[in-house]
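Structure below is upload09.cif: mmCIF, C-alpha atoms.
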```cif
data_my_file
#
loop_
_atom_site.label_atom_id
_atom_site.label_comp_id
_atom_site.auth_asym_id
_atom_site.auth_seq_id
_atom_site.Cartn_x
_atom_site.Cartn_y
_atom_site.Cartn_z
CA MET A 205 70.58 -55.81 12.15
CA ALA A 206 73.18 -53.97 14.28
CA TRP A 207 74.45 -50.60 13.11
CA ASP A 208 78.18 -50.25 12.31
CA TRP A 209 78.79 -46.81 13.75
CA GLU A 210 82.46 -46.56 12.73
CA LYS A 211 81.68 -47.57 9.18
CA LEU A 212 78.94 -44.88 8.97
CA GLN A 213 81.32 -42.17 10.18
CA GLN A 214 83.95 -43.21 7.63
CA GLN A 215 81.39 -42.98 4.83
CA LYS A 216 80.42 -39.45 5.91
CA LYS A 217 84.07 -38.33 5.98
CA SER A 218 84.72 -39.86 2.55
CA GLN A 219 81.66 -38.04 1.09
CA GLY A 220 82.72 -34.69 2.51
CA GLY A 221 79.52 -34.44 4.57
CA GLY A 222 79.10 -34.36 8.25
CA GLY A 223 77.66 -32.35 11.08
CA PRO A 224 78.05 -28.63 11.73
CA PRO A 225 81.51 -27.08 11.39
CA LYS A 226 83.69 -27.18 14.43
CA VAL A 227 84.72 -24.07 16.35
CA ASP A 228 88.37 -24.51 15.41
CA GLU A 229 87.50 -24.52 11.73
CA MET A 230 85.47 -21.29 12.12
CA PHE A 231 88.43 -19.55 13.79
CA GLU A 232 90.65 -20.72 10.98
CA LYS A 233 88.33 -19.15 8.41
CA VAL A 234 88.15 -15.86 10.34
CA LYS A 235 91.95 -15.72 10.56
CA ALA A 236 92.17 -16.34 6.85
CA MET A 237 89.78 -13.44 6.18
CA ARG A 238 91.82 -11.15 8.45
CA GLY A 239 94.89 -11.99 6.52
CA ARG A 240 93.14 -11.34 3.24
CA PHE A 241 91.40 -8.04 4.39
CA PRO A 242 93.28 -6.02 7.02
CA GLY A 243 90.81 -4.90 9.68
CA GLY A 244 88.03 -6.77 7.86
CA ALA A 245 86.41 -8.11 11.01
CA TRP A 246 86.06 -4.65 12.50
CA LEU A 247 84.67 -3.34 9.25
CA ILE A 248 82.08 -6.12 9.20
CA ILE A 249 81.12 -5.40 12.80
CA ALA A 250 80.90 -1.69 12.09
CA ALA A 251 78.76 -2.33 9.02
CA ILE A 252 76.44 -4.53 11.04
CA ILE A 253 76.14 -1.84 13.72
CA ILE A 254 75.41 0.84 11.11
CA VAL A 255 72.74 -1.32 9.50
CA LEU A 256 71.12 -2.00 12.87
CA LEU A 257 71.20 1.68 13.78
CA GLY A 258 69.78 2.65 10.41
CA THR A 259 66.92 0.21 10.64
CA SER A 260 66.12 1.34 14.20
CA CYS A 261 66.29 5.06 13.34
CA PHE A 262 63.99 5.08 10.32
CA TYR A 263 60.43 3.80 10.45
CA THR A 264 57.25 4.04 8.41
CA VAL A 265 53.82 5.04 9.74
CA GLY A 266 50.73 3.83 7.85
CA VAL A 267 48.12 6.16 6.39
CA ASP A 268 45.59 5.21 9.08
CA GLU A 269 48.10 5.50 11.94
CA VAL A 270 50.13 8.00 13.92
CA GLY A 271 53.43 7.29 15.59
CA VAL A 272 53.90 8.02 19.29
CA VAL A 273 57.57 8.48 20.18
CA GLN A 274 58.87 7.90 23.72
CA ARG A 275 62.32 9.04 24.76
CA PHE A 276 63.64 6.96 27.66
CA GLY A 277 60.04 5.95 28.36
CA LYS A 278 58.65 9.50 28.46
CA PHE A 279 56.29 10.83 25.80
CA SER A 280 58.17 12.99 23.32
CA ARG A 281 56.04 13.63 20.22
CA THR A 282 53.64 12.22 17.65
CA THR A 283 54.62 11.67 14.03
CA PRO A 284 52.39 11.73 10.94
CA PRO A 285 52.04 8.97 8.32
CA GLY A 286 55.02 8.36 6.08
CA LEU A 287 58.78 7.84 6.57
CA ASN A 288 60.06 9.30 9.84
CA PHE A 289 63.28 9.44 11.84
CA LYS A 290 63.95 8.78 15.51
CA LEU A 291 66.92 8.14 17.73
CA PRO A 292 68.20 4.56 17.93
CA SER A 293 66.49 1.87 19.97
CA GLY A 294 67.21 2.17 23.63
CA ILE A 295 66.87 5.94 23.43
CA GLU A 296 63.56 6.41 21.62
CA LYS A 297 60.76 3.95 21.15
CA ILE A 298 57.96 4.15 18.58
CA THR A 299 54.39 2.96 19.13
CA LYS A 300 51.96 3.03 16.23
CA VAL A 301 48.31 3.79 17.00
CA LYS A 302 45.50 3.32 14.48
CA VAL A 303 43.42 6.50 14.53
CA ARG A 304 41.17 5.82 11.52
CA TYR A 305 40.37 2.20 12.21
CA VAL A 306 36.96 1.54 13.78
CA PHE A 307 37.32 -0.80 16.73
CA LYS A 308 34.43 -2.86 18.00
CA GLU A 309 33.38 -4.29 21.35
CA GLU A 310 30.52 -6.80 21.60
CA PHE A 311 28.34 -7.34 24.65
CA GLY A 312 26.14 -10.38 25.18
CA PHE A 313 27.56 -12.31 22.21
CA ARG A 314 30.69 -12.77 20.12
CA THR A 315 31.16 -12.90 16.36
CA ILE A 316 32.58 -16.25 15.21
CA SER A 317 32.84 -15.46 11.51
CA ALA A 318 31.76 -12.34 9.66
CA GLY A 319 30.40 -12.40 6.13
CA VAL A 320 27.17 -12.70 4.21
CA ARG A 321 25.92 -15.13 6.84
CA THR A 322 27.54 -13.87 9.99
CA ARG A 323 27.75 -16.43 12.78
CA TYR A 324 27.49 -15.41 16.42
CA ALA A 325 28.31 -17.22 19.63
CA SER A 326 26.21 -16.82 22.74
CA GLY A 327 26.11 -18.57 26.06
CA SER A 328 25.94 -18.22 29.81
CA ALA A 329 29.35 -16.52 29.86
CA TYR A 330 28.05 -13.74 27.61
CA LEU A 331 24.52 -13.71 29.07
CA ASN A 332 25.74 -12.01 32.23
CA GLU A 333 26.77 -9.01 30.12
CA SER A 334 23.35 -8.57 28.51
CA LEU A 335 21.01 -9.60 31.35
CA MET A 336 19.53 -6.38 32.77
CA LEU A 337 16.74 -5.19 35.07
CA THR A 338 14.28 -2.72 33.56
CA GLY A 339 12.49 0.13 35.28
CA ASP A 340 9.27 -1.90 35.72
CA LEU A 341 11.21 -4.72 37.45
CA ASN A 342 11.34 -7.05 34.45
CA VAL A 343 14.43 -8.87 33.21
CA ALA A 344 15.57 -8.23 29.64
CA VAL A 345 18.35 -9.63 27.45
CA VAL A 346 20.00 -6.60 25.81
CA PRO A 347 22.94 -7.38 23.46
CA TRP A 348 24.70 -4.45 21.84
CA ILE A 349 27.84 -3.33 20.00
CA VAL A 350 30.09 -0.34 20.70
CA GLN A 351 32.13 1.04 17.79
CA TYR A 352 34.82 3.63 18.45
CA ARG A 353 38.00 5.31 17.17
CA VAL A 354 41.11 6.63 18.89
CA ASN A 355 41.06 10.43 18.66
CA ASP A 356 43.84 11.19 21.18
CA PRO A 357 46.76 8.72 21.01
CA TYR A 358 48.52 10.31 24.00
CA LYS A 359 45.57 9.77 26.35
CA PHE A 360 44.88 6.38 24.83
CA LEU A 361 48.40 5.12 25.62
CA PHE A 362 49.33 6.89 28.84
CA LYS A 363 46.25 8.09 30.76
CA VAL A 364 44.51 4.76 31.33
CA ARG A 365 46.26 1.50 32.12
CA ASP A 366 43.79 -0.84 30.36
CA VAL A 367 41.63 1.13 27.94
CA ARG A 368 39.67 -1.83 26.60
CA SER A 369 38.69 -3.06 30.04
CA THR A 370 37.76 0.47 31.11
CA LEU A 371 35.65 0.92 27.98
CA ARG A 372 33.77 -2.33 28.56
CA ASP A 373 33.08 -1.52 32.22
CA LEU A 374 31.85 1.99 31.44
CA ALA A 375 29.77 0.79 28.49
CA GLU A 376 28.04 -1.87 30.59
CA ALA A 377 27.38 0.58 33.43
CA SER A 378 25.96 3.20 31.05
CA MET A 379 23.69 0.73 29.27
CA ARG A 380 22.36 -0.66 32.56
CA LEU A 381 21.63 2.87 33.76
CA VAL A 382 19.69 3.74 30.60
CA VAL A 383 17.78 0.45 30.52
CA GLY A 384 16.96 0.77 34.22
CA ASP A 385 14.97 3.95 33.52
CA ARG A 386 12.67 2.33 30.95
CA SER A 387 9.97 -0.32 30.87
CA ILE A 388 10.39 -3.71 29.21
CA ASN A 389 8.19 -2.64 26.29
CA GLU A 390 10.31 0.45 25.70
CA VAL A 391 13.48 -1.63 25.83
CA ILE A 392 12.10 -3.95 23.14
CA SER A 393 10.48 -1.36 20.87
CA LYS A 394 12.65 1.78 21.31
CA ARG A 395 16.14 0.44 20.69
CA GLU A 396 17.37 3.46 18.71
CA GLU A 397 16.34 5.86 21.46
CA ILE A 398 18.11 3.75 24.07
CA ALA A 399 21.24 3.49 21.91
CA ASP A 400 21.40 7.27 21.48
CA ALA A 401 20.97 7.88 25.21
CA ALA A 402 23.61 5.26 26.09
CA LYS A 403 26.04 6.74 23.54
CA ALA A 404 25.74 10.25 25.00
CA LEU A 405 26.19 8.98 28.55
CA LEU A 406 29.12 6.69 27.68
CA GLN A 407 30.95 9.41 25.73
CA LYS A 408 30.67 11.71 28.73
CA GLU A 409 32.16 9.04 31.00
CA LEU A 410 34.97 8.28 28.55
CA ASP A 411 35.89 11.96 28.31
CA GLN A 412 36.01 12.27 32.08
CA ALA A 413 38.26 9.20 32.29
CA GLU A 414 40.57 10.69 29.59
CA THR A 415 40.60 7.52 27.52
CA GLY A 416 41.20 9.31 24.21
CA ILE A 417 38.28 7.42 22.61
CA LYS A 418 35.58 8.87 20.36
CA LEU A 419 32.44 6.77 19.96
CA VAL A 420 31.22 6.15 16.42
CA THR A 421 27.95 4.40 17.21
CA ILE A 422 26.18 2.07 19.59
CA GLU A 423 24.10 -0.56 17.84
CA MET A 424 21.38 -2.42 19.71
CA LYS A 425 20.76 -6.00 18.67
CA ARG A 426 17.43 -7.79 19.06
CA THR A 427 16.29 -7.40 22.65
CA ASN A 428 14.01 -9.87 24.34
CA VAL A 429 13.21 -11.50 27.65
CA PRO A 430 15.04 -14.65 28.88
CA GLU A 431 13.98 -17.88 27.21
CA PRO A 432 12.33 -19.47 30.32
CA VAL A 433 9.84 -16.60 30.60
CA GLN A 434 9.20 -15.98 26.90
CA PRO A 435 5.91 -18.00 26.74
CA SER A 436 4.46 -16.11 29.70
CA PHE A 437 5.69 -12.82 28.32
CA ASN A 438 4.08 -13.57 24.95
CA GLU A 439 0.77 -14.33 26.67
CA VAL A 440 0.94 -11.06 28.57
CA ASN A 441 1.66 -9.18 25.34
CA GLN A 442 -1.24 -10.91 23.63
CA ALA A 443 -3.57 -9.94 26.47
CA ILE A 444 -2.33 -6.36 26.32
CA GLN A 445 -2.90 -6.28 22.57
CA GLU A 446 -6.43 -7.61 22.98
CA LYS A 447 -7.08 -5.00 25.66
CA GLU A 448 -5.80 -2.22 23.40
CA LYS A 449 -7.89 -3.60 20.53
CA MET A 450 -11.05 -3.45 22.63
CA ILE A 451 -10.16 0.07 23.77
CA TYR A 452 -9.66 1.16 20.16
CA GLN A 453 -12.97 -0.41 19.13
CA ALA A 454 -14.76 1.35 21.99
CA LYS A 455 -13.11 4.64 21.02
CA GLU A 456 -14.15 4.08 17.40
CA GLU A 457 -17.76 3.49 18.42
CA TYR A 458 -17.60 6.50 20.71
CA ASN A 459 -16.22 8.66 17.92
CA ARG A 460 -18.96 7.47 15.61
CA VAL A 461 -21.99 7.83 17.93
CA ILE A 462 -21.15 10.79 20.12
CA PRO A 463 -20.39 13.27 17.31
CA ALA A 464 -23.61 12.23 15.55
CA ALA A 465 -25.62 12.77 18.74
CA ARG A 466 -23.91 16.09 19.31
CA GLY A 467 -24.71 17.07 15.73
CA ASN A 468 -28.38 16.17 16.13
CA ALA A 469 -28.56 18.07 19.40
CA GLU A 470 -26.90 21.08 17.82
CA LYS A 471 -29.32 20.86 14.89
CA THR A 472 -32.33 20.73 17.22
CA ILE A 473 -31.03 23.68 19.23
CA LYS A 474 -30.37 25.74 16.12
CA GLY A 475 -33.84 24.86 14.78
CA ALA A 476 -35.47 25.94 18.03
CA GLN A 477 -33.47 29.13 18.09
CA GLY A 478 -34.45 29.85 14.48
CA TYR A 479 -38.13 29.17 15.21
CA ALA A 480 -38.01 31.42 18.28
CA LEU A 481 -36.33 34.17 16.29
CA ASP A 482 -38.93 33.85 13.51
CA ARG A 483 -41.85 34.02 15.95
CA VAL A 484 -40.38 37.00 17.74
CA ASN A 485 -39.72 38.85 14.50
CA ARG A 486 -43.21 38.07 13.25
CA ALA A 487 -44.73 39.32 16.51
CA LYS A 488 -42.63 42.45 16.36
CA GLY A 489 -43.73 42.99 12.74
CA ASP A 490 -47.41 42.48 13.59
CA ALA A 491 -47.11 44.85 16.51
CA ALA A 492 -45.40 47.46 14.36
CA ARG A 493 -48.06 47.04 11.66
CA PHE A 494 -50.86 47.36 14.22
CA LEU A 495 -49.30 50.49 15.63
CA ALA A 496 -48.92 51.93 12.14
CA LEU A 497 -52.63 51.19 11.39
CA TYR A 498 -53.69 52.64 14.71
CA THR A 499 -51.78 55.82 13.91
CA GLU A 500 -53.55 56.14 10.56
CA TYR A 501 -56.92 55.26 12.15
CA SER A 502 -56.53 58.01 14.69
CA LYS A 503 -55.96 60.49 11.89
CA ALA A 504 -58.99 59.44 9.75
CA LYS A 505 -61.27 57.00 11.48
CA ASP A 506 -64.03 56.65 8.80
CA VAL A 507 -61.65 56.21 5.89
CA THR A 508 -59.42 53.83 7.79
CA ARG A 509 -62.38 51.76 9.04
CA ARG A 510 -63.76 51.44 5.54
CA ARG A 511 -60.36 50.53 4.16
CA LEU A 512 -59.86 47.84 6.80
CA TYR A 513 -63.31 46.49 6.11
CA LEU A 514 -62.73 46.30 2.38
CA GLU A 515 -59.31 44.64 2.79
CA ALA A 516 -60.78 42.06 5.15
CA ILE A 517 -63.67 41.37 2.78
CA GLN A 518 -61.19 41.12 -0.11
CA GLU A 519 -59.24 38.48 1.75
CA ILE A 520 -62.24 36.52 3.08
CA LEU A 521 -64.65 36.43 0.12
CA PRO A 522 -62.43 34.42 -2.26
CA ARG A 523 -62.38 31.62 0.30
CA LEU A 524 -66.19 31.33 0.58
CA GLY A 525 -66.90 29.79 -2.84
CA THR A 526 -70.33 30.56 -4.46
CA LYS A 527 -72.00 33.63 -2.97
CA TYR A 528 -75.63 34.84 -3.16
CA ILE A 529 -76.45 38.43 -2.44
CA VAL A 530 -80.13 38.91 -1.41
CA ASP A 531 -81.81 42.21 -1.34
CA SER A 532 -83.04 43.24 2.05
CA GLU A 533 -86.49 43.94 0.58
CA GLN A 534 -86.86 40.39 -0.77
CA LYS A 535 -89.58 38.59 1.20
CA ASN A 536 -89.99 35.34 -0.62
CA LEU A 537 -86.95 33.03 -0.81
CA LEU A 538 -88.60 30.28 -2.92
CA PRO A 539 -87.41 31.70 -6.26
CA LEU A 540 -83.89 31.51 -4.97
CA LEU A 541 -83.87 27.76 -4.19
CA ASN A 542 -83.16 26.68 -7.80
CA LEU A 543 -80.39 29.12 -8.54
CA GLY A 544 -77.77 26.42 -8.31
CA GLN A 545 -79.63 24.13 -10.74
CA ALA A 546 -79.96 26.93 -13.23
CA GLN A 547 -76.16 27.18 -13.35
CA GLY A 548 -75.71 23.54 -14.12
CA GLY A 549 -75.90 22.15 -10.60
CA LYS A 550 -73.13 24.35 -9.31
CA LYS A 551 -73.57 26.34 -6.21
#
```
Could I get this file's structure written as structure tokens?
Amino acid sequence: MAWDWEKLQQQKKSQGGGGPPKVDEMFEKVKAMRGRFPGGAWLIIAAIIIVLLGTSCFYTVGVDEVGVVQRFGKFSRTTPPGLNFKLPSGIEKITKVKVRYVFKEEFGFRTISAGVRTRYASGSAYLNESLMLTGDLNVAVVPWIVQYRVNDPYKFLFKVRDVRSTLRDLAEASMRLVVGDRSINEVISKREEIADAAKALLQKELDQAETGIKLVTIEMKRTNVPEPVQPSFNEVNQAIQEKEKMIYQAKEEYNRVIPAARGNAEKTIKGAQGYALDRVNRAKGDAARFLALYTEYSKAKDVTRRRLYLEAIQEILPRLGTKYIVDSEQKNLLPLLNLGQAQGGKK
């Protein structure tokens, strides 16, 4: 069915509708307003200019921000949070810098979505950032996060052209330097120590570059070796663990046997020393006693001889059992043969 263009235009005119107003009609309306309000157009223009100037002169700085004001492109001042005033646009320009917000840079991975179950993205593009050579010539995958704040807005905006790129380059260089001084086992097991060392080194480099950045923390993610060499690396670790286990077992046996042997040897030595001391003391005592007896003997030989004889007899006779004393004048011993039977068979 063909369209009747003229009929359609007539219907639009009859309904009062149509396209946008024509330029002539707009001029007619402006002239009518000028006639109704003398100087109204200029007043409207002036009001618009005042509104624009007012909105460009007053600005608000957030509680976690500071405002950096530039006058004709040159740094002028910093303004605190709240409502502030500046010269109109074209003369002064305001740049707001977040000084309390903690920014984050990720190396070796990227966060897709944060939450209870945070999802990360990794790949060959990010692997180049985290692939590093350790001090024992092994290759390690070292992902990490750098968190920082802006502590000097002036340096942050004007001293370095691209602060983020500079931060990433310095962070990667610092981490590679720290990792390059450690073995692969230290890189895997001592992540906190490496993070602290990298933070101190990176902060020093950032201060020298006048970036205006203050590091909050460096967090090391799970470090490992590249996937193609993980089976071999696991076998090496298992062998090392078995070796250490055997060493510990040998040390345990050593600690159990050697101290016992040393104790027995010390006991034997102490016993021998005690025996030697006892024998020496006894000999010294016997010698002193003999000398004392000899001194007394020299003073009274008969009395001392008799005393020694009686003491010896007193010590020896109780050990002899039954004793028979026979008179020297007795010639016949036959009466004496039944003395034991007379006492009940006891000798």
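Rounded to one decimal, CA of Val345 (chain A) and CA of Phe437 (chain A) lie 13.1 Å from each other.
Taking CA of Ala399 (chain A) and CA of Gly339 (chain A) as endpoints, the distance between them is 16.3 Å.
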For region 375-391 of chain A, work out the shell of residues within 7 Å, counting only C-alpha atoms and skipping chain neighbours fewer than 4 positions away, then give it as a PDB file with C-alpha atoms, keeping the file's coordinate frame.
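Printed below is part-v8.pdb as written:
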```pdb
ATOM      1  CA  MET A 336      19.530  -6.380  32.770  1.00  0.00           C
ATOM      2  CA  LEU A 337      16.740  -5.190  35.070  1.00  0.00           C
ATOM      3  CA  THR A 338      14.280  -2.720  33.560  1.00  0.00           C
ATOM      4  CA  GLY A 339      12.490   0.130  35.280  1.00  0.00           C
ATOM      5  CA  ASP A 340       9.270  -1.900  35.720  1.00  0.00           C
ATOM      6  CA  ASN A 342      11.340  -7.050  34.450  1.00  0.00           C
ATOM      7  CA  ALA A 344      15.570  -8.230  29.640  1.00  0.00           C
ATOM      8  CA  LEU A 371      35.650   0.920  27.980  1.00  0.00           C
ATOM      9  CA  ARG A 395      16.140   0.440  20.690  1.00  0.00           C
ATOM     10  CA  ILE A 398      18.110   3.750  24.070  1.00  0.00           C
ATOM     11  CA  ALA A 401      20.970   7.880  25.210  1.00  0.00           C
ATOM     12  CA  ALA A 402      23.610   5.260  26.090  1.00  0.00           C
ATOM     13  CA  LEU A 405      26.190   8.980  28.550  1.00  0.00           C
ATOM     14  CA  LEU A 406      29.120   6.690  27.680  1.00  0.00           C
TER      15      LEU A 406
END
```
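Here the question is which of A:Thr299, A:Thr415, A:Asn288, A:Thr427 gets nearest to Asn355 (chain A) using all atoms listed in the file, and that residue is A:Thr415.
CA of Arg372 (chain A) is positioned 7.5 Å from CA of Glu309 (chain A).
Candidate residues A:Met424, A:Ile252, A:Ala413, A:Val343 were compared for distance to Phe313 (chain A), and the nearest is A:Met424, using only C-alpha atoms.
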Restrict the calculation to all atoms listed in the file, then for each residue of region 256-347 of chain A with any atom at most 10 Å from an atom of region 418-422 of chain A give the closest atom pair and their distance in Å to one decimal, rows by chain and rising residue number, as a tab-separated table.
```
residue	atom	partner	partner_atom	distance
A:Val306	CA	A:Val420	CA	7.8
A:Phe307	CA	A:Val420	CA	9.3
A:Lys308	CA	A:Val420	CA	9.7
A:Glu309	CA	A:Ile422	CA	9.8
```
Could you dump the residues just selected with C-alpha atoms as a tab-separated table (two decimals), in the coordinates of the input?
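Below you can see again.tsv, which holds the result:
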```
chain	number	residue	atom	x	y	z
A	306	VAL	CA	36.96	1.54	13.78
A	307	PHE	CA	37.32	-0.80	16.73
A	308	LYS	CA	34.43	-2.86	18.00
A	309	GLU	CA	33.38	-4.29	21.35
```
Using only C-alpha atoms, which protein or nucleic acid residues come within 9 Å of Pro347 (chain A)? Drop anything in the same chain fewer than 4 positions from it, and give the result as a PDB file with C-alpha atoms, keeping the file's coordinate frame.
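And here is the file that came out, result.pdb:
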```
ATOM      1  CA  GLU A 310      30.520  -6.800  21.600  1.00  0.00           C
ATOM      2  CA  PHE A 311      28.340  -7.340  24.650  1.00  0.00           C
ATOM      3  CA  GLY A 312      26.140 -10.380  25.180  1.00  0.00           C
ATOM      4  CA  PHE A 313      27.560 -12.310  22.210  1.00  0.00           C
ATOM      5  CA  LEU A 331      24.520 -13.710  29.070  1.00  0.00           C
ATOM      6  CA  GLU A 333      26.770  -9.010  30.120  1.00  0.00           C
ATOM      7  CA  SER A 334      23.350  -8.570  28.510  1.00  0.00           C
ATOM      8  CA  LEU A 335      21.010  -9.600  31.350  1.00  0.00           C
ATOM      9  CA  GLU A 423      24.100  -0.560  17.840  1.00  0.00           C
ATOM     10  CA  MET A 424      21.380  -2.420  19.710  1.00  0.00           C
ATOM     11  CA  LYS A 425      20.760  -6.000  18.670  1.00  0.00           C
ATOM     12  CA  ARG A 426      17.430  -7.790  19.060  1.00  0.00           C
ATOM     13  CA  THR A 427      16.290  -7.400  22.650  1.00  0.00           C
TER      14      THR A 427
END
```
